[in-house]
>>> print(open('run-v7.cif').read())   # mmCIF, C-alpha atoms
data_query
#
loop_
_atom_site.group_PDB
_atom_site.id
_atom_site.type_symbol
_atom_site.label_atom_id
_atom_site.label_comp_id
_atom_site.auth_asym_id
_atom_site.auth_seq_id
_atom_site.Cartn_x
_atom_site.Cartn_y
_atom_site.Cartn_z
ATOM 1 C CA MET A 1 5.890 -12.790 13.522
ATOM 2 C CA ARG A 2 6.475 -10.946 10.266
ATOM 3 C CA ASN A 3 9.930 -10.575 8.815
ATOM 4 C CA PHE A 4 11.186 -7.696 6.715
ATOM 5 C CA ALA A 5 14.415 -7.380 4.812
ATOM 6 C CA THR A 6 16.041 -4.722 2.689
ATOM 7 C CA SER A 7 19.116 -4.677 0.542
ATOM 8 C CA GLN A 8 21.144 -1.824 -0.879
ATOM 9 C CA ASP A 9 23.885 -1.692 -3.490
ATOM 10 C CA ILE A 10 26.121 1.303 -2.801
ATOM 11 C CA GLY A 11 28.156 0.852 -5.957
ATOM 12 C CA LEU A 12 31.301 2.966 -5.816
ATOM 13 C CA ARG A 13 29.947 5.379 -3.207
ATOM 14 C CA SER A 14 31.253 5.476 0.345
ATOM 15 C CA ALA A 15 27.746 5.474 1.855
ATOM 16 C CA GLN A 16 24.176 4.618 0.840
ATOM 17 C CA CYS A 17 21.690 7.309 1.789
ATOM 18 C CA GLY A 18 18.469 5.393 1.195
ATOM 19 C CA ALA A 19 16.721 4.156 4.329
ATOM 20 C CA THR A 20 13.864 1.919 5.414
ATOM 21 C CA ALA A 21 11.964 1.709 8.695
ATOM 22 C CA VAL A 22 9.045 -0.318 10.046
ATOM 23 C CA ARG A 23 7.005 0.587 13.106
ATOM 24 C CA THR A 24 3.906 -0.930 14.661
ATOM 25 C CA ALA A 25 1.669 1.167 16.905
ATOM 26 C CA PRO A 26 0.189 -0.289 20.103
ATOM 27 C CA GLY A 27 -3.178 -0.666 18.320
ATOM 28 C CA GLY A 28 -1.556 -2.829 15.644
ATOM 29 C CA ALA A 29 -1.285 -0.323 12.763
ATOM 30 C CA ARG A 30 2.006 -0.857 10.949
ATOM 31 C CA ALA A 31 3.927 1.568 8.750
ATOM 32 C CA TYR A 32 6.727 0.689 6.328
ATOM 33 C CA VAL A 33 8.790 3.607 5.052
ATOM 34 C CA LEU A 34 11.274 3.694 2.176
ATOM 35 C CA LEU A 35 13.187 6.941 1.660
ATOM 36 C CA ASP A 36 15.634 7.687 -1.135
ATOM 37 C CA GLY A 37 18.308 9.931 0.351
ATOM 38 C CA PHE A 38 20.065 12.038 -2.240
ATOM 39 C CA GLY A 39 23.832 12.077 -1.996
ATOM 40 C CA TYR A 40 26.388 9.895 -0.344
ATOM 41 C CA SER A 41 27.694 11.759 2.698
ATOM 42 C CA GLU A 42 27.482 10.421 6.245
ATOM 43 C CA GLU A 43 25.437 13.477 7.243
ATOM 44 C CA VAL A 44 22.770 12.784 4.596
ATOM 45 C CA ARG A 45 22.778 9.078 5.456
ATOM 46 C CA GLU A 46 22.166 9.717 9.162
ATOM 47 C CA TRP A 47 19.469 12.338 8.477
ATOM 48 C CA THR A 48 17.618 10.003 6.088
ATOM 49 C CA ARG A 49 17.744 7.099 8.534
ATOM 50 C CA ALA A 50 16.405 9.272 11.352
ATOM 51 C CA ALA A 51 13.684 10.687 9.082
ATOM 52 C CA ALA A 52 12.578 7.166 8.071
ATOM 53 C CA ARG A 53 12.253 6.083 11.709
ATOM 54 C CA ARG A 54 10.419 9.286 12.626
ATOM 55 C CA LEU A 55 7.989 9.023 9.706
ATOM 56 C CA ALA A 56 7.280 5.326 10.346
ATOM 57 C CA ARG A 57 6.530 6.040 14.007
ATOM 58 C CA THR A 58 4.153 8.906 13.178
ATOM 59 C CA ALA A 59 2.374 7.082 10.335
ATOM 60 C CA ALA A 60 1.835 3.984 12.494
ATOM 61 C CA ARG A 61 0.597 6.055 15.423
ATOM 62 C CA MET A 62 -1.856 7.912 13.172
ATOM 63 C CA ALA A 63 -2.772 4.683 11.315
ATOM 64 C CA ASP A 64 -2.662 6.684 8.082
ATOM 65 C CA ALA A 65 0.320 7.119 5.773
ATOM 66 C CA LYS A 66 -0.800 10.389 4.231
ATOM 67 C CA SER A 67 -1.637 11.982 7.586
ATOM 68 C CA GLY A 68 1.681 10.817 9.021
ATOM 69 C CA LEU A 69 3.584 12.261 6.079
ATOM 70 C CA ARG A 70 1.739 15.589 6.348
ATOM 71 C CA ALA A 71 2.352 15.772 10.109
ATOM 72 C CA GLU A 72 6.080 15.144 9.696
ATOM 73 C CA TYR A 73 6.345 17.572 6.766
ATOM 74 C CA ASP A 74 4.733 20.259 8.926
ATOM 75 C CA ALA A 75 7.016 19.403 11.861
ATOM 76 C CA TYR A 76 10.141 19.623 9.704
ATOM 77 C CA ALA A 77 8.920 22.938 8.274
ATOM 78 C CA ALA A 78 8.426 24.297 11.800
ATOM 79 C CA GLU A 79 11.885 23.105 12.839
ATOM 80 C CA ARG A 80 13.380 24.717 9.755
ATOM 81 C CA SER A 81 11.730 28.051 10.510
ATOM 82 C CA ASP A 82 13.510 28.022 13.881
ATOM 83 C CA THR A 83 16.913 28.191 12.176
ATOM 84 C CA ASP A 84 18.662 31.028 10.442
ATOM 85 C CA ASP A 85 20.583 28.802 8.048
ATOM 86 C CA PRO A 86 20.498 30.551 4.636
ATOM 87 C CA PHE A 87 21.633 27.347 2.894
ATOM 88 C CA LEU A 88 18.514 25.314 3.686
ATOM 89 C CA PRO A 89 16.202 24.987 0.673
ATOM 90 C CA GLU A 90 12.661 26.317 0.754
ATOM 91 C CA LEU A 91 9.974 23.737 1.489
#
>>> encode(input="run-v7.cif", output="structure tokens")
Amino acid sequence: MRNFATSQDIGLRSAQCGATAVRTAPGGARAYVLLDGFGYSEEVREWTRAAARRLARTAARMADAKSGLRAEYDAYAAERSDTDDPFLPEL
């Protein structure tokens, strides 16, 4: 069994928005993801944590970090195009 640990120092902020995730695919490919979430709100923190889990799952399943990142980038872009929110930044 492999063990993983992370540590974060939130300083004076109310929340830390960085996130880590590890996933292993049924075939044994493992992905470790570290995301630096910008900001300190609960909304950003939850989005970054979910994105880390999602990216780790996809990268492990594809057994390729770059392909997993591209697939998730494309998926987020498609999800974004389904919204009419004028405040979302361009990808």
>>> closest_residue(input="run-v7.cif", among="A:Ala50, A:Met62, A:Thr20, A:Arg80", to="Asp36 of chain A", atoms="all atoms listed in the file")
A:Thr20
>>> atom_distance(input="run-v7.cif", atom1="atom CA of Ala56 of chain A", atom2="atom CA of Gln16 of chain A")
19.4 Å
>>> atom_distance(input="run-v7.cif", atom1="atom CA of Gly68 of chain A", atom2="atom CA of Gly39 of chain A")
24.8 Å
>>> atom_distance(input="run-v7.cif", atom1="atom CA of Lys66 of chain A", atom2="atom CA of Ser41 of chain A")
28.6 Å
>>> resolve_selection(input="run-v7.cif", expression="the PyMOL selection byres ((chain A and resi 45) around 8)", output="ChimeraX atom specification")
/A:15-19,37,40-44,46-49
>>> write_last_selection(input="run-v7.cif", atoms="C-alpha atoms", output="PDB file, in the coordinates of the input")
ATOM      1  CA  ALA A  15      27.746   5.474   1.855  1.00  0.00           C
ATOM      2  CA  GLN A  16      24.176   4.618   0.840  1.00  0.00           C
ATOM      3  CA  CYS A  17      21.690   7.309   1.789  1.00  0.00           C
ATOM      4  CA  GLY A  18      18.469   5.393   1.195  1.00  0.00           C
ATOM      5  CA  ALA A  19      16.721   4.156   4.329  1.00  0.00           C
ATOM      6  CA  GLY A  37      18.308   9.931   0.351  1.00  0.00           C
ATOM      7  CA  TYR A  40      26.388   9.895  -0.344  1.00  0.00           C
ATOM      8  CA  SER A  41      27.694  11.759   2.698  1.00  0.00           C
ATOM      9  CA  GLU A  42      27.482  10.421   6.245  1.00  0.00           C
ATOM     10  CA  GLU A  43      25.437  13.477   7.243  1.00  0.00           C
ATOM     11  CA  VAL A  44      22.770  12.784   4.596  1.00  0.00           C
ATOM     12  CA  GLU A  46      22.166   9.717   9.162  1.00  0.00           C
ATOM     13  CA  TRP A  47      19.469  12.338   8.477  1.00  0.00           C
ATOM     14  CA  THR A  48      17.618  10.003   6.088  1.00  0.00           C
ATOM     15  CA  ARG A  49      17.744   7.099   8.534  1.00  0.00           C
TER      16      ARG A  49
END
>>> closest_residue(input="run-v7.cif", among="A:Val22, A:Ala29, A:Ala51, A:Leu12", to="Leu69 of chain A", atoms="only C-alpha atoms")
A:Ala51
>>> resolve_selection(input="run-v7.cif", expression="the PyMOL selection byres ((chain A and resi 60) around 7)", output="PyMOL selection string")
chain A and resi 23-25+29-31+56-59+61-64
>>> decode(input="run-v7.cif", residues="segment 29-74 of chain A", atoms="C-alpha atoms", output="mmCIF file, in the first residue's frame")
data_model
loop_
_atom_site.group_PDB
_atom_site.id
_atom_site.type_symbol
_atom_site.label_atom_id
_atom_site.label_comp_id
_atom_site.auth_asym_id
_atom_site.auth_seq_id
_atom_site.Cartn_x
_atom_site.Cartn_y
_atom_site.Cartn_z
ATOM 1 C CA ALA A 29 -2.371 3.528 -13.763
ATOM 2 C CA ARG A 30 -2.206 6.147 -11.021
ATOM 3 C CA ALA A 31 -2.596 9.912 -11.305
ATOM 4 C CA TYR A 32 -1.587 12.490 -8.695
ATOM 5 C CA VAL A 33 -2.975 15.986 -9.198
ATOM 6 C CA LEU A 34 -1.960 19.225 -7.486
ATOM 7 C CA LEU A 35 -4.013 22.318 -8.311
ATOM 8 C CA ASP A 36 -3.365 25.840 -7.074
ATOM 9 C CA GLY A 37 -6.766 27.463 -6.629
ATOM 10 C CA PHE A 38 -6.634 31.229 -6.822
ATOM 11 C CA GLY A 39 -8.504 33.046 -4.092
ATOM 12 C CA TYR A 40 -9.805 32.100 -0.710
ATOM 13 C CA SER A 41 -13.580 31.778 -0.982
ATOM 14 C CA GLU A 42 -15.492 28.599 -0.171
ATOM 15 C CA GLU A 43 -16.834 28.532 -3.735
ATOM 16 C CA VAL A 44 -13.327 28.521 -5.251
ATOM 17 C CA ARG A 45 -12.158 25.949 -2.703
ATOM 18 C CA GLU A 46 -14.981 23.528 -3.531
ATOM 19 C CA TRP A 47 -14.559 24.000 -7.301
ATOM 20 C CA THR A 48 -10.801 23.352 -7.096
ATOM 21 C CA ARG A 49 -11.266 20.228 -4.985
ATOM 22 C CA ALA A 50 -13.855 18.847 -7.405
ATOM 23 C CA ALA A 51 -11.641 19.701 -10.393
ATOM 24 C CA ALA A 52 -8.664 17.887 -8.814
ATOM 25 C CA ARG A 53 -10.719 14.728 -8.257
ATOM 26 C CA ARG A 54 -12.167 14.904 -11.769
ATOM 27 C CA LEU A 55 -8.771 15.429 -13.410
ATOM 28 C CA ALA A 56 -7.123 12.635 -11.395
ATOM 29 C CA ARG A 57 -9.888 10.212 -12.376
ATOM 30 C CA THR A 58 -9.620 11.078 -16.081
ATOM 31 C CA ALA A 59 -5.804 11.045 -16.179
ATOM 32 C CA ALA A 60 -5.665 7.660 -14.426
ATOM 33 C CA ARG A 61 -8.331 6.203 -16.700
ATOM 34 C CA MET A 62 -6.467 7.422 -19.794
ATOM 35 C CA ALA A 63 -3.083 6.424 -18.288
ATOM 36 C CA ASP A 64 -1.688 9.702 -19.622
ATOM 37 C CA ALA A 65 -1.489 13.012 -17.774
ATOM 38 C CA LYS A 66 -1.441 15.221 -20.848
ATOM 39 C CA SER A 67 -4.370 13.431 -22.496
ATOM 40 C CA GLY A 68 -6.344 13.576 -19.254
ATOM 41 C CA LEU A 69 -5.688 17.291 -18.893
ATOM 42 C CA ARG A 70 -6.706 17.958 -22.509
ATOM 43 C CA ALA A 71 -9.889 15.890 -22.128
ATOM 44 C CA GLU A 72 -10.922 17.759 -18.982
ATOM 45 C CA TYR A 73 -10.032 21.148 -20.489
ATOM 46 C CA ASP A 74 -12.258 20.339 -23.469
#
